[in-house]
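Okay, so here's the structure we're looking at.
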There are 2 protein chains.
Amino acid sequence: VRTTGRLAVLALLVLPSFSPAAADEGMWLPQQVPALAERLAALGFEGDARAFADLTGQPMGAIVSLGGCSASFVSPEGLVVTNHHCVTGALQYNATPERNLLKDGYRARGRGEELPAGPGSRLYVTIRATDVTSDLERLTTPDLSDRARHDVVDRWVKKRTAECEKGGSRCRVASFFGGVQWIEIEQLEIQDVRLVYAPPEGIGNFGGEVDNWKWPRHVGDFSFYRAYVRPDGRPAPFSRDNVPYRPKRWLTVSPKGAGPGDLVFVVGYPGYTQRHRTYGDIAELVAWDLPRSIRRADEQIAIADALAAGGTEIEIKVRPKRRGLANGFKKNRGVLEALTRDGVLGLKKDREAALQAWIAATPERRREFGDVVPALEAMREADRRTRERDAVYGALVGGRGSVLGAAHTLYQLARNRPKKDVDREPEYQERNWTRIAESLERLQRDLDPAVDRAFLRYALVEAAALPAGMRIEAVDRAAGLAPGMAADASGKAIDAFLDRLYAGTKLFDQAYRLALRTRSAAELLATGDSFLALAAALDPLGQEILETGKARQGARYRLVPRYMKALLAQTGGLVAPDANGTLRVTYGRVQGVDGPDGIFFKPQTTVSGIPEKDRGEGEFEAPQRLLAAVRSQRGGKASPWADPALGEVPVDFLSTVDTTGGNSGSATLNARGELCGLLFDGMYETVVSDIVHDPVRTRSIHVDSRYLLWVLSEVEGAEPLIQEMGLAP
Amino acid sequence: VRTTGRLAVLALLVLPSFSPAAADEGMWLPQQVPALAERLAALGFEGDARAFADLTGQPMGAIVSLGGCSASFVSPEGLVVTNHHCVTGALQYNATPERNLLKDGYRARGRGEELPAGPGSRLYVTIRATDVTSDLERLTTPDLSDRARHDVVDRWVKKRTAECEKGGSRCRVASFFGGVQWIEIEQLEIQDVRLVYAPPEGIGNFGGEVDNWKWPRHVGDFSFYRAYVRPDGRPAPFSRDNVPYRPKRWLTVSPKGAGPGDLVFVVGYPGYTQRHRTYGDIAELVAWDLPRSIRRADEQIAIADALAAGGTEIEIKVRPKRRGLANGFKKNRGVLEALTRDGVLGLKKDREAALQAWIAATPERRREFGDVVPALEAMREADRRTRERDAVYGALVGGRGSVLGAAHTLYQLARNRPKKDVDREPEYQERNWTRIAESLERLQRDLDPAVDRAFLRYALVEAAALPAGMRIEAVDRAAGLAPGMAADASGKAIDAFLDRLYAGTKLFDQAYRLALRTRSAAELLATGDSFLALAAALDPLGQEILETGKARQGARYRLVPRYMKALLAQTGGLVAPDANGTLRVTYGRVQGVDGPDGIFFKPQTTVSGIPEKDRGEGEFEAPQRLLAAVRSQRGGKASPWADPALGEVPVDFLSTVDTTGGNSGSATLNARGELCGLLFDGMYETVVSDIVHDPVRTRSIHVDSRYLLWVLSEVEGAEPLIQEMGLAP
């Protein structure tokens, strides 16, 4: 699935002097789309390409971000459509052992039954994007040291952001093309998001992990939220007094879906691609990051499975984590396989060699760019010396939704609070206090001592195995570990340490945890809480890693834009920047693709494929009402959502559109700008497209709007939703 | 895979008054093909359809049977091509722990290295087929009782066979269309068959059980035998003095293979289909035979796996048995799924209802046919009363390659020997004594006490579970079993019985076993051998089952031809009889097919798919020299065997040709009568075609002659073979 948890900022844009691109792929900035007008017209686009550059016009004004997923307004009453897998957090938050929403789905019968999506659920509407590159260029003089350069950029970003947010918006100053371009982005931030409809898992996640990243698919990966605001129209936290938000723009849902050869757009928030990284960066991924991530995910999936076997309650707690691990495992394995087995790394190497030859060809270029790649390599070499330790430190304090992560957050918040806002680390600035509080509250959703302990133990075992000279001393001291200890002995020491840790904490108590967020560091230590003490003990190492990182980031600000300039000058053409979690427009055609030798993947699937796959259990358990609807459809019942050419109701389709994690839930638009589907996945064979894009084989996977409408009308009887979207059932 | 072990004789032919068939499917008798001339010409056939009726002409004279598999001559020196999976017995027979031919394959470097395929290996060339129906009709007067009718037919068949075999041929009087027609078939029987070339398992069985019955395939399922005869040209058992047989006819191997849309023929020996069985027969398959076979195969595969884990030596002993079990398991499950889940049984029921309506429509038809289906149902009902017991009895004494099976054979041989030949049961007639001796010898190939005991135990546990009133008393007495015993107690009794049995036998000794085949029943009992004693104790039940069977077979001779006549009269058209192990001609086109929803199965695979599937282990372990050849081919090395349209060397292809078990190894001929491939498999989705044929979805799977030639030349460097087939390498 194409969600993204963390967004790592990397690389903008349009060097307007370049000629139009030959290739269609690219996650285009909305501002770039007008330059693609000719190509789009040739593909059958009926509208004005300039419309995409108007962020508050049609269709862009209807596109929203959920933070990690994309979505869009589909009614004047703030109805939002996204993927089913983008609302699992809300389902989990509202689930109880008696009401397993993850399995059964949810349908609000009237506004009063629309459920809060959970603390921290947000909906962002991008309303402005301004190029601020020249503003920064005035400040970053060549004489700055790397560390000073980091601080100049850091303070500039904070100042601009603070200025921008005075009116109540959420803002971000984002770098593109590794710092070649900077854009200030202003977003409306809606804080009251409610769950309207999610299908049962046997529709919304039919095929589960088995089918994930694969084709053919038969998943109705869609769900509905509604945005709520104060009666005066301004965003506000959840309140019974809030009213549905009335967006200026919403998308028309097409009753005709999409068919082979159709031009389609995907508009959303792709998270992170690395197509413009150096060969050295990618080689490092292959040598270290990917194998490590794959191994860890595999081992942690086994932990999650063992925990899930303990009953429904714990299974609900651990399921989203497992789903994330499995998704990442499969994706990373696909990327690694393609890079190594399919020779994509060699391709990347050839490209880098061509770049080096281009640089070496003239004295000017050698002077301007010659030092960049060696300097980046030296920096990687320095990173390598502590990467094992730094990664384990990250796993200890950064574990998504762990109690040690909460303790770390509380302690860092306490350390940053006494500073001036501009001197605080970005995530602990005042603008983020509410979301810190929400994350401490939301943590309760999947908090379970057994789960927490199992994953913390995993990280501690990793810490115990670190080589001498690269130890995490705070852990060694607290747990009684030493380098070279036998696994048996270190395991016993870790278990004893965990006994003490979990006996000595009250952080599992939500109210207590939340109350601590205003305390000073000294007050936190005075509580004697075992996890807070561990977080404090780990702090010196955290500070050391932070400081080193700032100097290296400063160096990157100096080097990477020059690498990018060389690359862009060499390749030419209109180039889209790497994804960085900002609003993008991509386009392509509905098209099948050759599968493994001997197989052609047709571009569409139909409801007939559901009973073919159904096993009545596990990941292939279609609800009886769905199977009954398929039978009556196959029995000849006419449906307005059937495809005339297929003679069937279609389910999912493939397109050549270029997408990545974060695009999940994105509106798929047809040539008339109507929502003809929702993007939800890519294909295993071409997940490496995040690094090197293959325009021939890469496909994205969408759910057809007709399947959505058919499920709502003929399976669920949810006519009010269809009516709200302006379609007669 | 499309082999068949046992052939059950069922149903002939051409009611010449019918009009030409609309459908292409059908396993046509060679004599029927001239009637198809018009249809074949329309499909692009360039030759004279009448040629197929000449069994000693081109191409039919080149087609041979291996007994359970098909094959063909491809050189004037008696070189025979068939499937790799048809020579596994020969590989196993010649394998040692040091020389694992099953895994590594075999290649004779010169005639002197060609290995005997093992005792009992035969090669049959059909040289004459004569309709003898009217001869039988004179004998079977309507007044005969069922039992007398059986004996009349039985003695007539024996007499004709004996007469026919006087010249040294092997003969069979076979019934077609359930006895509507009888044909006497004369075959040349070559007794010295030698292994020339078999590829390694990673080519010849690449994909193994995982890929078996599936598409896409990447298996080089071909191997070569050579036929040897006495210097005077007459068949004789293996001798170093023998010389290669010089067939009058052999096939030219096409260097162009087959491509999409091409007309292809498959000529060979399909084993057994049941398309003309009554609905009641098929319903019985669904209710009892298929579920029972599937369950037993599943359980026995687990036994085989547990045994195989015991080391290479035992693994080699048990592997062919496991392969057969797994093949049957998958096929039967596919048949059952189609009959039940896909509604094919309903289709069969509808057809039977139409036949009943047709019969009921006139008083004449009611008189002529009205009693047939009820009488057949009554017979099934009678069968049902003892089927559990009879099946367990069959499993005990009929287990392929078991010591109890050998003891049973020896005892029955002793009982039959004193009789006049015409009074002996057919399998114990003098004409079969050599093959009985060979089977007792060949048994050594896969004989292992641990394996034998495990499978005998399985059958004894089944015997122990039989209900009171349907017990096998000889087993109860010998093992101390009684109805209703707890599983624990019966298990212990069986184990103690097995201890006694295996301690009390010398039948594992090949020379001893062979020496016994001339002894009388009394002499056998006097040896005191535990297995011979058990075989003798089981004999009364065996005789009872035999007698009952004869009466019922007599009834079938009376009823089934009338059912068939009604069916043929109702449906009309030229109809091919059900397969019965006799020589047939089928035809169709090379064509892909829709797979599961969203997938199209292309008609061809290429060598590129081999590294895609290769995992370097297990069933997907391609030899390094194959992978290297694929790399150099993909690297641009020109090959005369590459397909211009695919730009690759093809591996396997799909066709609409109608085939079944026994067709394995059959020559696939192009429109010019050249060998363009070898049939080796059908598809899981349509294995039910043996019962109800679906012309839209049914496909056969072939290996392309170009893959065979490419492997021989570019992987194996086996130029002499290519030269012998008249092709420059």
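Labeling convention for the structure tokens: chains A, B, ... as they appear, residues from 1 per chain, ligands from 1 in order of appearance.
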Kindly provide, as a VMD selection string, the residues of chain B having any atom no farther than 8 Å from an atom of chain A, counting only C-alpha atoms. chain B and resid 215 to 217 596 to 606 608 to 609 612
Taking the backbone alone, and naming residues the way the document does, which bits of segment 614-729 of chain A are alpha helix (DSSP H) by DSSP, as an MDAnalysis selection string? chainID A and resid 624:634 705:710 719:724
Write out, as a PDB file, in the first residue's frame, the residues just selected, with C-alpha atoms.
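Here's the written file result33.pdb:
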ATOM      1  CA  GLN A 624     -21.648 -12.956   2.355  1.00  0.00           C
ATOM      2  CA  ARG A 625     -23.544  -9.879   1.177  1.00  0.00           C
ATOM      3  CA  LEU A 626     -20.744  -9.096  -1.264  1.00  0.00           C
ATOM      4  CA  LEU A 627     -20.724 -12.657  -2.626  1.00  0.00           C
ATOM      5  CA  ALA A 628     -24.512 -12.558  -2.957  1.00  0.00           C
ATOM      6  CA  ALA A 629     -24.317  -9.281  -4.889  1.00  0.00           C
ATOM      7  CA  VAL A 630     -21.670 -10.776  -7.198  1.00  0.00           C
ATOM      8  CA  ARG A 631     -23.886 -13.816  -7.792  1.00  0.00           C
ATOM      9  CA  SER A 632     -26.884 -11.702  -8.687  1.00  0.00           C
ATOM     10  CA  GLN A 633     -24.734  -9.494 -10.924  1.00  0.00           C
ATOM     11  CA  ARG A 634     -23.387 -12.585 -12.679  1.00  0.00           C
ATOM     12  CA  SER A 705     -15.095   4.526  -8.952  1.00  0.00           C
ATOM     13  CA  ARG A 706     -17.746   2.098 -10.253  1.00  0.00           C
ATOM     14  CA  TYR A 707     -16.742  -0.529  -7.708  1.00  0.00           C
ATOM     15  CA  LEU A 708     -17.027   2.071  -4.968  1.00  0.00           C
ATOM     16  CA  LEU A 709     -20.497   3.069  -6.185  1.00  0.00           C
ATOM     17  CA  TRP A 710     -21.581  -0.565  -6.694  1.00  0.00           C
ATOM     18  CA  GLU A 719     -27.860   5.398  -0.870  1.00  0.00           C
ATOM     19  CA  PRO A 720     -27.511   8.587   1.208  1.00  0.00           C
ATOM     20  CA  LEU A 721     -23.766   8.661   0.489  1.00  0.00           C
ATOM     21  CA  ILE A 722     -24.341   8.216  -3.228  1.00  0.00           C
ATOM     22  CA  GLN A 723     -26.954  10.930  -3.182  1.00  0.00           C
ATOM     23  CA  GLU A 724     -24.624  13.242  -1.283  1.00  0.00           C
TER      24      GLU A 724
END
Restricting the calculation to only C-alpha atoms, which member of B:Gly324, B:Pro260, B:Pro467, B:Gly398 is positioned closest to Gly89 of chain B? B:Gly324
Could you tell me how far atom CA of Glu209 of chain B sits from atom CA of Val74 of chain B, in Å to one decimal place? 29.0 Å
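Non-sequential neighbours of Arg323 of chain B (distance at most 9 Å, separation of 3 or more positions within a chain, only C-alpha atoms) are Gly208, Glu209, Ile301, Val318, Arg319, Pro320, Ala326, Asn327 and Gly328 of chain B.
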Store the residues picked out above in a file with N, CA and C atoms, as a PDB file, in the first residue's frame.
ATOM      1  N   GLY B 208       8.882 -28.450 -10.848  1.00  0.00           N
ATOM      2  CA  GLY B 208       8.403 -29.597 -10.085  1.00  0.00           C
ATOM      3  C   GLY B 208       6.911 -29.586  -9.799  1.00  0.00           C
ATOM      4  N   GLU B 209       6.576 -30.017  -8.600  1.00  0.00           N
ATOM      5  CA  GLU B 209       5.166 -30.110  -8.220  1.00  0.00           C
ATOM      6  C   GLU B 209       4.509 -28.738  -8.144  1.00  0.00           C
ATOM      7  N   ILE B 301       1.157 -38.711   0.749  1.00  0.00           N
ATOM      8  CA  ILE B 301       2.255 -37.777   0.448  1.00  0.00           C
ATOM      9  C   ILE B 301       2.985 -37.429   1.737  1.00  0.00           C
ATOM     10  N   VAL B 318      11.660 -43.433  -2.796  1.00  0.00           N
ATOM     11  CA  VAL B 318      10.278 -42.989  -2.586  1.00  0.00           C
ATOM     12  C   VAL B 318       9.855 -41.878  -3.549  1.00  0.00           C
ATOM     13  N   ARG B 319      10.837 -41.258  -4.226  1.00  0.00           N
ATOM     14  CA  ARG B 319      10.506 -40.089  -5.035  1.00  0.00           C
ATOM     15  C   ARG B 319       9.503 -40.350  -6.161  1.00  0.00           C
ATOM     16  N   PRO B 320       9.678 -41.410  -6.953  1.00  0.00           N
ATOM     17  CA  PRO B 320       8.708 -41.615  -8.034  1.00  0.00           C
ATOM     18  C   PRO B 320       7.297 -41.845  -7.498  1.00  0.00           C
ATOM     19  N   ALA B 326       1.467 -37.025  -5.852  1.00  0.00           N
ATOM     20  CA  ALA B 326       1.234 -35.578  -5.910  1.00  0.00           C
ATOM     21  C   ALA B 326       0.539 -35.200  -7.210  1.00  0.00           C
ATOM     22  N   ASN B 327       0.939 -35.849  -8.292  1.00  0.00           N
ATOM     23  CA  ASN B 327       0.323 -35.571  -9.582  1.00  0.00           C
ATOM     24  C   ASN B 327      -1.171 -35.923  -9.550  1.00  0.00           C
ATOM     25  N   GLY B 328      -1.463 -37.109  -9.004  1.00  0.00           N
ATOM     26  CA  GLY B 328      -2.853 -37.539  -8.923  1.00  0.00           C
ATOM     27  C   GLY B 328      -3.657 -36.678  -7.968  1.00  0.00           C
TER      28      GLY B 328
END
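When only C-alpha atoms are used to measure the gap to Ala566 of chain A, the shortest distance among A:Asp154, A:Asp371, A:Asp383, A:Asp131 belongs to A:Asp371.
Shell of segment 640-643 of chain B at 7 Å, with only C-alpha atoms counted and residues fewer than 4 places along the chain excluded, is Pro255, Gly647, Glu648, Val649, Pro650, Arg706 and Trp710 of chain B.
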If you keep C-alpha atoms, can you produce a file of those selected residues as a PDB file, in the first residue's frame?
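Produced file selection-v4.pdb, reproduced below:
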ATOM      1  CA  PRO B 255      13.598 -26.271 -36.196  1.00  0.00           C
ATOM      2  CA  GLY B 647      13.179 -12.242 -29.929  1.00  0.00           C
ATOM      3  CA  GLU B 648      13.909 -15.167 -27.574  1.00  0.00           C
ATOM      4  CA  VAL B 649      14.239 -18.913 -27.496  1.00  0.00           C
ATOM      5  CA  PRO B 650      10.762 -20.245 -26.631  1.00  0.00           C
ATOM      6  CA  ARG B 706      13.208 -25.287 -30.410  1.00  0.00           C
ATOM      7  CA  TRP B 710      18.544 -25.251 -27.954  1.00  0.00           C
TER       8      TRP B 710
END
